[in-house]
Structure formats: C-alpha cells, structure tokens
file data-v3.pdb (PDB, C-alpha atoms and all ligand atoms)
ATOM      1  CA  MET A  18     -29.802 -30.462  11.514
ATOM      2  CA  ASN A  19     -28.440 -27.866   9.112
ATOM      3  CA  HIS A  20     -24.648 -27.780   9.185
ATOM      4  CA  PRO A  21     -22.876 -25.920  10.522
ATOM      5  CA  GLY A  22     -25.029 -25.314  13.580
ATOM      6  CA  PHE A  23     -22.362 -23.801  15.822
ATOM      7  CA  ALA A  24     -19.317 -21.544  15.977
ATOM      8  CA  PHE A  25     -16.771 -20.707  18.645
ATOM      9  CA  PHE A  26     -17.055 -16.925  18.827
ATOM     10  CA  GLU A  27     -15.933 -14.375  21.442
ATOM     11  CA  GLY A  28     -14.938 -17.100  23.883
ATOM     12  CA  LYS A  29     -17.847 -19.514  23.655
ATOM     13  CA  ILE A  30     -19.673 -21.944  21.419
ATOM     14  CA  ILE A  31     -22.899 -20.370  20.169
ATOM     15  CA  PRO A  32     -25.424 -20.974  17.357
ATOM     16  CA  ILE A  33     -23.654 -19.942  14.153
ATOM     17  CA  GLU A  34     -26.342 -17.458  13.122
ATOM     18  CA  GLN A  35     -25.483 -15.437  16.238
ATOM     19  CA  ALA A  36     -21.774 -15.241  15.320
ATOM     20  CA  ARG A  37     -21.779 -11.852  13.584
ATOM     21  CA  ILE A  38     -19.147  -9.164  13.089
ATOM     22  CA  ASP A  39     -19.444  -5.399  12.711
ATOM     23  CA  ILE A  40     -19.078  -3.970   9.183
ATOM     24  CA  ARG A  41     -16.273  -1.731  10.521
ATOM     25  CA  THR A  42     -14.116  -4.709  11.578
ATOM     26  CA  ASN A  43     -10.459  -3.974  10.791
ATOM     27  CA  ALA A  44      -9.761  -7.457   9.364
ATOM     28  CA  LEU A  45     -12.723  -7.170   6.988
ATOM     29  CA  GLN A  46     -11.475  -3.803   5.735
ATOM     30  CA  TYR A  47      -7.745  -4.609   5.508
ATOM     31  CA  GLY A  48      -7.379  -8.400   5.546
ATOM     32  CA  THR A  49      -5.502  -8.365   8.870
ATOM     33  CA  GLY A  50      -6.321 -11.908   9.951
ATOM     34  CA  ILE A  51      -4.707 -15.323   9.774
ATOM     35  CA  PHE A  52      -6.473 -18.617   9.338
ATOM     36  CA  GLU A  53      -6.087 -22.372   9.192
ATOM     37  CA  GLY A  54      -7.831 -25.093   7.243
ATOM     38  CA  ILE A  55      -8.031 -28.488   8.914
ATOM     39  CA  ARG A  56      -9.757 -31.591   7.613
ATOM     40  CA  CYS A  57     -11.802 -34.026   9.619
ATOM     41  CA  TYR A  58     -12.346 -37.429   7.981
ATOM     42  CA  TRP A  59     -15.347 -39.661   8.560
ATOM     43  CA  ASN A  60     -14.340 -43.305   8.810
ATOM     44  CA  GLU A  61     -17.447 -45.191   7.689
ATOM     45  CA  LYS A  62     -16.104 -48.556   8.879
ATOM     46  CA  ASN A  63     -15.796 -47.633  12.524
ATOM     47  CA  LYS A  64     -18.267 -44.726  12.409
ATOM     48  CA  THR A  65     -15.720 -42.279  13.806
ATOM     49  CA  ASN A  66     -14.465 -38.824  12.838
ATOM     50  CA  TYR A  67     -10.722 -38.150  12.905
ATOM     51  CA  VAL A  68      -9.174 -34.676  12.665
ATOM     52  CA  PHE A  69      -5.918 -34.815  10.730
ATOM     53  CA  ARG A  70      -2.754 -33.340  12.303
ATOM     54  CA  ILE A  71      -4.770 -30.876  14.349
ATOM     55  CA  GLU A  72      -1.902 -30.048  16.737
ATOM     56  CA  ASP A  73       0.408 -29.278  13.791
ATOM     57  CA  HIS A  74      -2.169 -26.953  12.254
ATOM     58  CA  TYR A  75      -2.593 -25.073  15.524
ATOM     59  CA  ARG A  76       1.186 -24.973  16.015
ATOM     60  CA  ARG A  77       1.502 -23.251  12.633
ATOM     61  CA  PHE A  78      -1.409 -20.942  13.536
ATOM     62  CA  ILE A  79       0.277 -19.826  16.767
ATOM     63  CA  LEU A  80       3.635 -19.324  15.025
ATOM     64  CA  ASN A  81       1.997 -17.304  12.261
ATOM     65  CA  SER A  82       0.226 -15.157  14.826
ATOM     66  CA  ARG A  83       3.680 -13.804  15.773
ATOM     67  CA  ILE A  84       4.309 -12.607  12.214
ATOM     68  CA  MET A  85       0.981 -10.751  12.279
ATOM     69  CA  MET A  86       1.335  -9.624  15.930
ATOM     70  CA  LEU A  87      -1.941 -11.310  16.793
ATOM     71  CA  ASP A  88      -2.229 -12.300  20.425
ATOM     72  CA  ILE A  89      -3.896 -15.723  20.638
ATOM     73  CA  LYS A  90      -4.962 -16.334  24.220
ATOM     74  CA  TYR A  91      -5.419 -20.093  23.861
ATOM     75  CA  SER A  92      -2.829 -22.871  23.940
ATOM     76  CA  ILE A  93      -2.574 -25.470  21.176
ATOM     77  CA  GLU A  94      -4.274 -27.994  23.472
ATOM     78  CA  GLU A  95      -7.123 -25.600  24.276
ATOM     79  CA  LEU A  96      -7.671 -24.877  20.576
ATOM     80  CA  CYS A  97      -7.728 -28.634  19.859
ATOM     81  CA  ASP A  98     -10.248 -29.217  22.660
ATOM     82  CA  ILE A  99     -12.544 -26.410  21.466
ATOM     83  CA  THR A 100     -12.404 -27.805  17.916
ATOM     84  CA  VAL A 101     -13.221 -31.345  19.006
ATOM     85  CA  GLU A 102     -16.121 -30.026  21.087
ATOM     86  CA  LEU A 103     -17.452 -28.088  18.074
ATOM     87  CA  LEU A 104     -17.183 -31.171  15.847
ATOM     88  CA  ARG A 105     -18.945 -33.316  18.474
ATOM     89  CA  LYS A 106     -21.812 -30.841  18.574
ATOM     90  CA  GLU A 107     -22.132 -30.944  14.780
ATOM     91  CA  GLY A 108     -22.027 -34.752  14.729
ATOM     92  CA  TYR A 109     -20.944 -35.024  11.088
ATOM     93  CA  LYS A 110     -21.285 -38.357   9.326
ATOM     94  CA  GLU A 111     -19.252 -37.163   6.352
ATOM     95  CA  ASP A 112     -15.901 -35.438   5.807
ATOM     96  CA  SER A 113     -15.731 -31.930   7.178
ATOM     97  CA  TYR A 114     -13.396 -28.963   7.473
ATOM     98  CA  VAL A 115     -12.418 -26.653  10.314
ATOM     99  CA  ARG A 116     -11.709 -22.952   9.807
ATOM    100  CA  PRO A 117      -9.954 -21.179  12.727
ATOM    101  CA  PHE A 118      -9.505 -17.429  12.184
ATOM    102  CA  ALA A 119      -7.593 -14.939  14.371
ATOM    103  CA  TYR A 120      -8.042 -11.316  13.469
ATOM    104  CA  ASN A 121      -8.083  -7.641  14.297
ATOM    105  CA  SER A 122     -11.644  -7.299  15.484
ATOM    106  CA  GLY A 123     -11.414  -3.620  16.487
ATOM    107  CA  LEU A 124     -13.278  -0.936  14.562
ATOM    108  CA  ASN A 125     -10.445   1.552  14.085
ATOM    109  CA  ILE A 126      -9.864   2.986  10.626
ATOM    110  CA  GLY A 127      -6.366   2.432   9.244
ATOM    111  CA  PRO A 128      -4.313  -0.627   8.307
ATOM    112  CA  LYS A 129      -1.952  -1.551  11.129
ATOM    113  CA  LEU A 130      -1.202  -4.638  13.191
ATOM    114  CA  VAL A 131      -1.227  -3.035  16.633
ATOM    115  CA  GLY A 132      -3.602  -0.909  18.670
ATOM    116  CA  ASN A 133      -6.723  -2.863  17.755
ATOM    117  CA  LYS A 134      -8.921  -5.285  19.627
ATOM    118  CA  GLN A 135      -8.204  -8.843  18.519
ATOM    119  CA  ASP A 136     -10.285 -11.999  18.579
ATOM    120  CA  LEU A 137     -10.561 -15.522  17.287
ATOM    121  CA  PHE A 138     -13.354 -17.669  15.906
ATOM    122  CA  ILE A 139     -13.653 -21.257  14.724
ATOM    123  CA  TYR A 140     -16.355 -22.837  12.611
ATOM    124  CA  THR A 141     -16.714 -26.062  10.660
ATOM    125  CA  ILE A 142     -18.359 -27.018   7.357
ATOM    126  CA  PRO A 143     -19.083 -30.298   5.570
ATOM    127  CA  LEU A 144     -16.476 -30.671   2.806
ATOM    128  CA  GLY A 145     -16.063 -33.262   0.091
ATOM    129  CA  GLU A 146     -13.530 -32.914  -2.705
ATOM    130  CA  TYR A 147     -12.043 -29.472  -3.336
ATOM    131  CA  LEU A 148     -10.497 -30.625  -6.647
ATOM    132  CA  ASP A 149     -11.501 -33.682  -8.674
ATOM    133  CA  ILE A 150      -8.783 -36.053  -7.478
ATOM    134  CA  SER A 151      -9.972 -39.068  -9.459
ATOM    135  CA  LYS A 152      -8.388 -37.747 -12.636
ATOM    136  CA  ALA A 153      -5.327 -35.745 -13.630
ATOM    137  CA  ILE A 154      -6.353 -32.101 -13.885
ATOM    138  CA  ASN A 155      -5.496 -29.368 -16.409
ATOM    139  CA  VAL A 156      -3.299 -26.628 -15.083
ATOM    140  CA  CYS A 157      -1.866 -23.366 -16.419
ATOM    141  CA  ILE A 158       0.972 -21.202 -15.203
ATOM    142  CA  SER A 159      -0.686 -18.134 -13.765
ATOM    143  CA  SER A 160       0.167 -14.736 -15.183
ATOM    144  CA  TRP A 161      -0.164 -13.525 -11.568
ATOM    145  CA  ASP A 162       3.024 -14.089  -9.534
ATOM    146  CA  ARG A 163       3.030 -15.142  -5.871
ATOM    147  CA  ILE A 164       3.444 -12.246  -3.452
ATOM    148  CA  PRO A 165       7.002 -12.332  -2.051
ATOM    149  CA  ASP A 166       7.813 -12.799   1.634
ATOM    150  CA  ASN A 167       8.882  -9.174   1.916
ATOM    151  CA  SER A 168       5.504  -7.913   0.658
ATOM    152  CA  ILE A 169       2.918 -10.203   2.269
ATOM    153  CA  PRO A 170       4.498 -13.396   3.656
ATOM    154  CA  PRO A 171       2.728 -16.420   2.115
ATOM    155  CA  ARG A 172       3.917 -18.637   4.982
ATOM    156  CA  ALA A 173       1.738 -16.693   7.400
ATOM    157  CA  LYS A 174      -1.608 -17.699   5.835
ATOM    158  CA  ILE A 175      -2.866 -14.118   6.038
ATOM    159  CA  SER A 176      -6.487 -13.650   4.992
ATOM    160  CA  GLY A 177      -5.728 -10.545   2.883
ATOM    161  CA  SER A 178      -3.026 -12.340   0.915
ATOM    162  CA  TYR A 179      -5.607 -14.745  -0.527
ATOM    163  CA  VAL A 180      -6.651 -12.027  -2.963
ATOM    164  CA  ASN A 181      -3.488 -13.127  -4.791
ATOM    165  CA  ALA A 182      -4.758 -16.741  -4.867
ATOM    166  CA  ALA A 183      -8.184 -15.541  -6.018
ATOM    167  CA  PHE A 184      -6.647 -13.779  -9.048
ATOM    168  CA  GLN A 185      -4.759 -16.969  -9.924
ATOM    169  CA  LYS A 186      -7.622 -19.415  -9.483
ATOM    170  CA  THR A 187     -10.113 -17.161 -11.289
ATOM    171  CA  GLU A 188      -7.830 -16.657 -14.282
ATOM    172  CA  ALA A 189      -7.314 -20.432 -14.523
ATOM    173  CA  LEU A 190     -11.052 -21.197 -14.359
ATOM    174  CA  LEU A 191     -12.036 -18.470 -16.850
ATOM    175  CA  ASN A 192      -9.447 -19.817 -19.311
ATOM    176  CA  GLY A 193     -10.853 -23.347 -19.026
ATOM    177  CA  TYR A 194      -8.260 -24.855 -16.654
ATOM    178  CA  ASP A 195      -8.926 -26.557 -13.324
ATOM    179  CA  GLU A 196      -6.166 -24.919 -11.308
ATOM    180  CA  ALA A 197      -3.173 -22.572 -11.488
ATOM    181  CA  LEU A 198       0.506 -23.080 -10.827
ATOM    182  CA  VAL A 199       2.107 -19.948  -9.493
ATOM    183  CA  LEU A 200       5.635 -18.579  -9.949
ATOM    184  CA  THR A 201       7.662 -16.494  -7.511
ATOM    185  CA  ALA A 202       8.071 -12.760  -8.224
ATOM    186  CA  ASN A 203       9.016 -11.921 -11.810
ATOM    187  CA  GLY A 204       8.525 -15.520 -12.876
ATOM    188  CA  LYS A 205      11.769 -16.685 -11.300
ATOM    189  CA  HIS A 206      10.778 -20.124  -9.957
ATOM    190  CA  VAL A 207       7.798 -22.366  -9.360
ATOM    191  CA  SER A 208       6.233 -21.581  -5.988
ATOM    192  CA  GLU A 209       3.007 -23.586  -5.512
ATOM    193  CA  GLY A 210      -0.611 -23.803  -6.631
ATOM    194  CA  SER A 211      -3.207 -21.121  -5.886
ATOM    195  CA  ALA A 212      -3.844 -22.749  -2.481
ATOM    196  CA  MET A 213      -1.817 -25.962  -2.469
ATOM    197  CA  ASN A 214       1.793 -27.146  -2.670
ATOM    198  CA  VAL A 215       3.280 -28.930  -5.672
ATOM    199  CA  PHE A 216       5.552 -31.961  -6.133
ATOM    200  CA  MET A 217       7.394 -33.108  -9.270
ATOM    201  CA  VAL A 218       8.654 -36.635 -10.034
ATOM    202  CA  LYS A 219      11.716 -36.753 -12.289
ATOM    203  CA  ASN A 220      13.958 -39.800 -12.870
ATOM    204  CA  GLY A 221      12.788 -41.422  -9.636
ATOM    205  CA  ASN A 222      13.370 -38.253  -7.580
ATOM    206  CA  LEU A 223      10.573 -36.485  -5.770
ATOM    207  CA  ILE A 224      11.194 -32.727  -5.825
ATOM    208  CA  THR A 225       9.319 -29.801  -4.258
ATOM    209  CA  PRO A 226      10.081 -26.062  -3.968
ATOM    210  CA  PRO A 227      11.908 -25.033  -0.775
ATOM    211  CA  VAL A 228      10.236 -23.053   1.993
ATOM    212  CA  THR A 229      12.167 -19.980   0.799
ATOM    213  CA  ASP A 230      10.309 -19.891  -2.546
ATOM    214  CA  ASP A 231       7.283 -18.039  -1.119
ATOM    215  CA  ILE A 232       5.189 -21.069  -0.310
ATOM    216  CA  LEU A 233       2.933 -21.886   2.585
ATOM    217  CA  GLU A 234       4.803 -24.534   4.571
ATOM    218  CA  GLY A 235       2.049 -27.074   4.072
ATOM    219  CA  ILE A 236       1.183 -29.760   6.592
ATOM    220  CA  THR A 237       0.239 -32.046   3.677
ATOM    221  CA  ARG A 238       3.588 -31.262   2.038
ATOM    222  CA  ASP A 239       5.244 -32.438   5.246
ATOM    223  CA  THR A 240       3.001 -35.525   5.298
ATOM    224  CA  VAL A 241       4.015 -36.386   1.711
ATOM    225  CA  ILE A 242       7.711 -35.961   2.581
ATOM    226  CA  LYS A 243       7.306 -38.408   5.495
ATOM    227  CA  LEU A 244       5.152 -40.936   3.608
ATOM    228  CA  ALA A 245       7.559 -40.967   0.629
ATOM    229  CA  LYS A 246      10.428 -41.731   2.982
ATOM    230  CA  ASP A 247       8.581 -44.374   5.028
ATOM    231  CA  SER A 248       6.856 -46.230   2.203
ATOM    232  CA  GLU A 249       9.129 -45.767  -0.819
ATOM    233  CA  ASN A 250      12.409 -44.900   0.898
ATOM    234  CA  ILE A 251      12.554 -41.701  -1.156
ATOM    235  CA  ASP A 252      14.217 -38.600   0.280
ATOM    236  CA  VAL A 253      12.322 -35.625  -1.096
ATOM    237  CA  ILE A 254      14.591 -32.987  -2.628
ATOM    238  CA  GLU A 255      13.635 -29.461  -1.643
ATOM    239  CA  ARG A 256      15.035 -27.145  -4.318
ATOM    240  CA  SER A 257      13.910 -24.383  -6.644
ATOM    241  CA  ILE A 258      12.096 -25.566  -9.783
ATOM    242  CA  ASP A 259      12.083 -23.783 -13.162
ATOM    243  CA  ARG A 260       8.835 -23.340 -15.086
ATOM    244  CA  THR A 261       9.938 -25.553 -18.000
ATOM    245  CA  GLU A 262      11.065 -28.350 -15.696
ATOM    246  CA  LEU A 263       7.359 -28.840 -15.057
ATOM    247  CA  TYR A 264       6.701 -29.391 -18.780
ATOM    248  CA  ILE A 265       9.123 -32.342 -18.896
ATOM    249  CA  ALA A 266       8.372 -33.880 -15.482
ATOM    250  CA  ASP A 267       7.474 -37.593 -15.267
ATOM    251  CA  GLU A 268       4.678 -36.855 -12.786
ATOM    252  CA  LEU A 269       3.248 -33.805 -11.073
ATOM    253  CA  PHE A 270       0.776 -33.493  -8.242
ATOM    254  CA  PHE A 271      -0.694 -30.905  -5.933
ATOM    255  CA  CYS A 272      -1.153 -31.493  -2.230
ATOM    256  CA  GLY A 273      -2.940 -29.637   0.526
ATOM    257  CA  THR A 274      -5.586 -30.024   3.168
ATOM    258  CA  GLY A 275      -8.269 -29.064   0.645
ATOM    259  CA  ALA A 276      -6.605 -30.485  -2.488
ATOM    260  CA  GLN A 277      -5.467 -33.687  -0.705
ATOM    261  CA  ILE A 278      -3.277 -35.480  -3.312
ATOM    262  CA  SER A 279      -4.344 -34.217  -6.727
ATOM    263  CA  PRO A 280      -2.595 -35.436  -9.932
ATOM    264  CA  ILE A 281      -1.785 -32.945 -12.710
ATOM    265  CA  GLY A 282      -2.263 -34.189 -16.298
ATOM    266  CA  ASN A 283      -0.943 -31.222 -18.231
ATOM    267  CA  VAL A 284       0.601 -27.805 -17.753
ATOM    268  CA  ASP A 285       0.066 -25.054 -20.340
ATOM    269  CA  LYS A 286      -1.222 -27.806 -22.706
ATOM    270  CA  ARG A 287       2.001 -29.846 -22.357
ATOM    271  CA  THR A 288       1.083 -33.409 -21.379
ATOM    272  CA  ILE A 289       2.770 -34.676 -18.213
ATOM    273  CA  GLY A 290       3.786 -38.345 -18.493
ATOM    274  CA  ASN A 291       0.919 -40.025 -20.324
ATOM    275  CA  GLY A 292      -1.531 -37.393 -19.102
ATOM    276  CA  GLU A 293      -2.941 -39.609 -16.368
ATOM    277  CA  MET A 294      -2.211 -40.091 -12.693
ATOM    278  CA  GLY A 295       1.414 -41.289 -12.404
ATOM    279  CA  PRO A 296       2.367 -44.458 -10.488
ATOM    280  CA  LEU A 297       4.110 -42.758  -7.554
ATOM    281  CA  THR A 298       1.299 -40.197  -7.256
ATOM    282  CA  LYS A 299      -1.198 -43.070  -7.156
ATOM    283  CA  LYS A 300       0.706 -44.916  -4.424
ATOM    284  CA  LEU A 301       0.997 -41.781  -2.312
ATOM    285  CA  GLN A 302      -2.647 -40.869  -2.858
ATOM    286  CA  GLN A 303      -3.856 -44.324  -1.799
ATOM    287  CA  LEU A 304      -1.611 -44.321   1.248
ATOM    288  CA  TYR A 305      -2.673 -40.781   2.173
ATOM    289  CA  PHE A 306      -6.362 -41.698   2.243
ATOM    290  CA  ARG A 307      -5.697 -44.664   4.528
ATOM    291  CA  VAL A 308      -3.523 -42.545   6.818
ATOM    292  CA  VAL A 309      -6.060 -39.712   7.251
ATOM    293  CA  LYS A 310      -8.815 -42.192   8.124
ATOM    294  CA  ASN A 311      -6.633 -43.711  10.839
ATOM    295  CA  GLU A 312      -6.379 -47.038   9.042
ATOM    296  CA  ILE A 313      -2.621 -47.345   9.597
ATOM    297  CA  SER A 314      -1.638 -47.562  13.260
ATOM    298  CA  LYS A 315       1.853 -46.185  12.628
ATOM    299  CA  TYR A 316       0.277 -42.787  11.882
ATOM    300  CA  SER A 317      -2.419 -42.853  14.554
ATOM    301  CA  ASP A 318      -0.801 -39.951  16.380
ATOM    302  CA  TRP A 319      -1.799 -37.754  13.432
ATOM    303  CA  CYS A 320      -5.498 -38.620  13.820
ATOM    304  CA  ARG A 321      -7.381 -37.017  16.713
ATOM    305  CA  LYS A 322     -10.591 -38.885  17.466
ATOM    306  CA  VAL A 323     -13.662 -36.668  17.781
TER     307      VAL A 323
HETATM  308  N1  LIG B 401      -0.296 -23.287  -0.093
HETATM  309  C1  LIG B 401      -1.315 -22.448   0.093
HETATM  310  C2  LIG B 401      -1.214 -21.060  -0.454
HETATM  311  C3  LIG B 401      -2.452 -22.867   0.800
HETATM  312  O1  LIG B 401      -3.471 -22.017   0.994
HETATM  313  C4  LIG B 401      -2.526 -24.195   1.278
HETATM  314  C5  LIG B 401      -3.753 -24.676   1.984
HETATM  315  N2  LIG B 401      -3.715 -24.450   3.353
HETATM  316  C6  LIG B 401      -1.423 -25.034   1.069
HETATM  317  C7  LIG B 401      -0.324 -24.552   0.372
HETATM  318  C8  LIG B 401      -1.388 -26.423   1.630
HETATM  319  O2  LIG B 401      -1.165 -26.362   3.020
HETATM  320  P1  LIG B 401      -1.718 -27.490   3.980
HETATM  321  O3  LIG B 401      -1.213 -28.773   3.476
HETATM  322  O4  LIG B 401      -1.157 -27.145   5.319
HETATM  323  O5  LIG B 401      -3.193 -27.416   3.935
END
call {"tool": "encode", "arguments": {"input": "data-v3.pdb", "output": "structure tokens"}}
result
Amino acid sequence: MNHPGFAFFEGKIIPIEQARIDIRTNALQYGTGIFEGIRCYWNEKNKTNYVFRIEDHYRRFILNSRIMMLDIKYSIEELCDITVELLRKEGYKEDSYVRPFAYNSGLNIGPKLVGNKQDLFIYTIPLGEYLDISKAINVCISSWDRIPDNSIPPRAKISGSYVNAAFQKTEALLNGYDEALVLTANGKHVSEGSAMNVFMVKNGNLITPPVTDDILEGITRDTVIKLAKDSENIDVIERSIDRTELYIADELFFCGTGAQISPIGNVDKRTIGNGEMGPLTKKLQQLYFRVVKNEISKYSDWCRKV
C-alpha cells in the first residue's frame, strides 16, 4: 500500500486522492488555517504504534481555534478517535506523523476570519528524522525576526505565519547551516527555532524562553520541562535569553514534535561546549525516545495505543 492511503475530509475518512480543495479556498489564498503536528512512534519490540500526547495536541488545537475564530465541531476525544482510526487504516510499521488542519474553506474573496465556510481535515504521513539528531547541528541566527504576537500570534500555529519560518529555514540552508535560531522583533531576545523550541544549559541550569517571547508553546518543550524535573531534579527556568548568551552556553538543543531532541554544535560559527552533543542533552534525548515509545510506564498516559 502507498502511504498515505486515507484522509479525514468533510466529515469522513476517504481515499486521500479524493480529498481535494477548490483553488478559490480562502485559507489557500490568505493562510487562514491552523494546524497541528503529532508524532506516532512504531515500537518494534511489541509491534505497536503509539501516538504521543495526542490529547494535548488537540487541546492546543481547540484553544488556538478561538484565536482564529475557527469553529471546530469535534471534541478532543472525537478528534483522537478519528486520528486513531486513520492510523489503523494506514497500518504503519514505521514512525509516522499526523497533520490536522482547520481552515476557512469558503470561496469568498477577502482576508477575514468570519463569514466563511469552515472545515477540518486530517491526514498522516510516514516520517523519520526531520533533523539529523545523531550529531550536533550547525545553526545561524536568522536575519528574519519572529512575527510578534500582535501581528500574527506564533502561539496559534497559523498556517499563513509559517511563511516567516520558511524565510528563516531557507536562509539557513542556503548559507550552509542546518537550521535557524530566531529572535523576537528587532532582535530583542531569542525566541525559538524556525519550527522548534530551544533550550540552553548554563552552569547546571536549564533555561528556555518564556511563552511571552513569541514562541509556540510546544508540547515537546513541556515534555522536556517535566522530564528534566523528574529525572534530573532540575527546575527549568523560563526567562528571556539574549543572542550572545547562546554563544557562551554550555549546551544548546532544539526540541519539537518534528525535531525531537536535536543538539546544537555551534551558533554563528561559535562552538557550543566542545561542539558535540552535551551530557544533559544526551540524557534527555535518550529518555525522550524511551518515553515516546511507551517504554516507561510512568509516562504511559502520554502514549495512545493505535
Ligand atoms: N515552535 C514552532 C514555530 C513550531 O512550528 C513547532 C512545531 N510544532 C514547535 C515550536 C514545537 O512544538 P511541539 O513540541 O508542540 O511540536
């Protein structure tokens, strides 16, 4: 079977090639949609797929729909059930990824959040590594700032706002880097990566930008905060970070559903630590991969069996 074979579209699961939208769709023209990205991990040992923190992703999705005045007609539980049914139909035997998308599906001309038909679709894809997480990657500070909350709120995961991420990621790749770190407006503070959150280790402290520094309030960020507390008894400090603090950090890593836990080896050609994955990053990365595969019973509630 070619994956993906199916999509949830206009209220039912159908073959994905039949899930088609009109070229006049408002969200295509103006980016007026919100989305989620959820990972499903294949556990080879017990031949089972587990979706990671699916309820939390759909909780964020529903909350964000309020910012964008999108009316989602399904409950968190219904969205979880539809997703599990989709994944069962695909029958993946590898890691995969779920993309829910709520959007203005009407055909009216003009960018606005009201007065349009709205809809929701969900599809899945097979997905391995988004970044090479086996080594510490090379990162630059983007010359493109993050869009502030009062322009396009990054916490809402709005499809149109990812043009900002595309500028950042593309600039990084074209200049020979793996990924971009992004500053808040006018270069004030460190915000996050193009599509992932960032953590800094300094003198035994684990520090990450606060939710008021134009970040997406990442589910993986929250997972890292909890795992650091449980396993290392570290309370993560949420505070603004200056650009040059990054240059002299002991360790740096990205985290996100796609990025997972991804060590950073240098920033703007300044070596971080010894340029390799730092010891705390390594511990958290190893723990994370056991947690998402439901290998640690304490975190089983985060893993929904398919
Ligand atoms: N920031 C941005 C801009 C993102 O797109 C993502 C990926 N969803 C993240 C952070 C990480 O969020 P999460 O851990 O919920 O995937």
call {"tool": "residues_near_ligand", "arguments": {"input": "data-v3.pdb", "ligand": "ligand LIG 401 (chain B)", "cutoff": "8 Å", "atoms": "only C-alpha atoms and all ligand atoms", "output": "list in words"}}
result
Glu53, Gly54, Ile55, His74, Pro171, Arg172, Lys174, Tyr179, Ala182, Glu209, Gly210, Ser211, Ala212, Met213, Asn214, Ile232, Leu233, Glu234, Gly235, Ile236, Thr237, Arg238, Asp239, Cys272, Gly273, Thr274, Gly275, Ala276 and Gln277 of chain A
call {"tool": "resolve_selection", "arguments": {"input": "data-v3.pdb", "expression": "the PyMOL selection byres (((chain A and resi 160) around 9) and not hetatm)", "output": "VMD selection string"}}
result
chain A and resid 157 to 159 161 to 162 185 188 199 to 200 204
call {"tool": "atom_distance", "arguments": {"input": "data-v3.pdb", "atom1": "CA of His20 (chain A)", "atom2": "CA of Pro143 (chain A)"}}
result
7.1 Å
call {"tool": "resolve_selection", "arguments": {"input": "data-v3.pdb", "expression": "the PyMOL selection byres (((chain A and resi 76-87) around 8) and not hetatm)", "output": "PyMOL selection string"}}
result
chain A and resi 49-53+72-75+88-89+93+119-121+130-131+135+172-174
call {"tool": "closest_residue", "arguments": {"input": "data-v3.pdb", "among": "A:Val68, A:Leu137, A:Val115, A:Ile99", "to": "Ala36 (chain A)", "atoms": "all atoms listed in the file"}}
result
A:Leu137
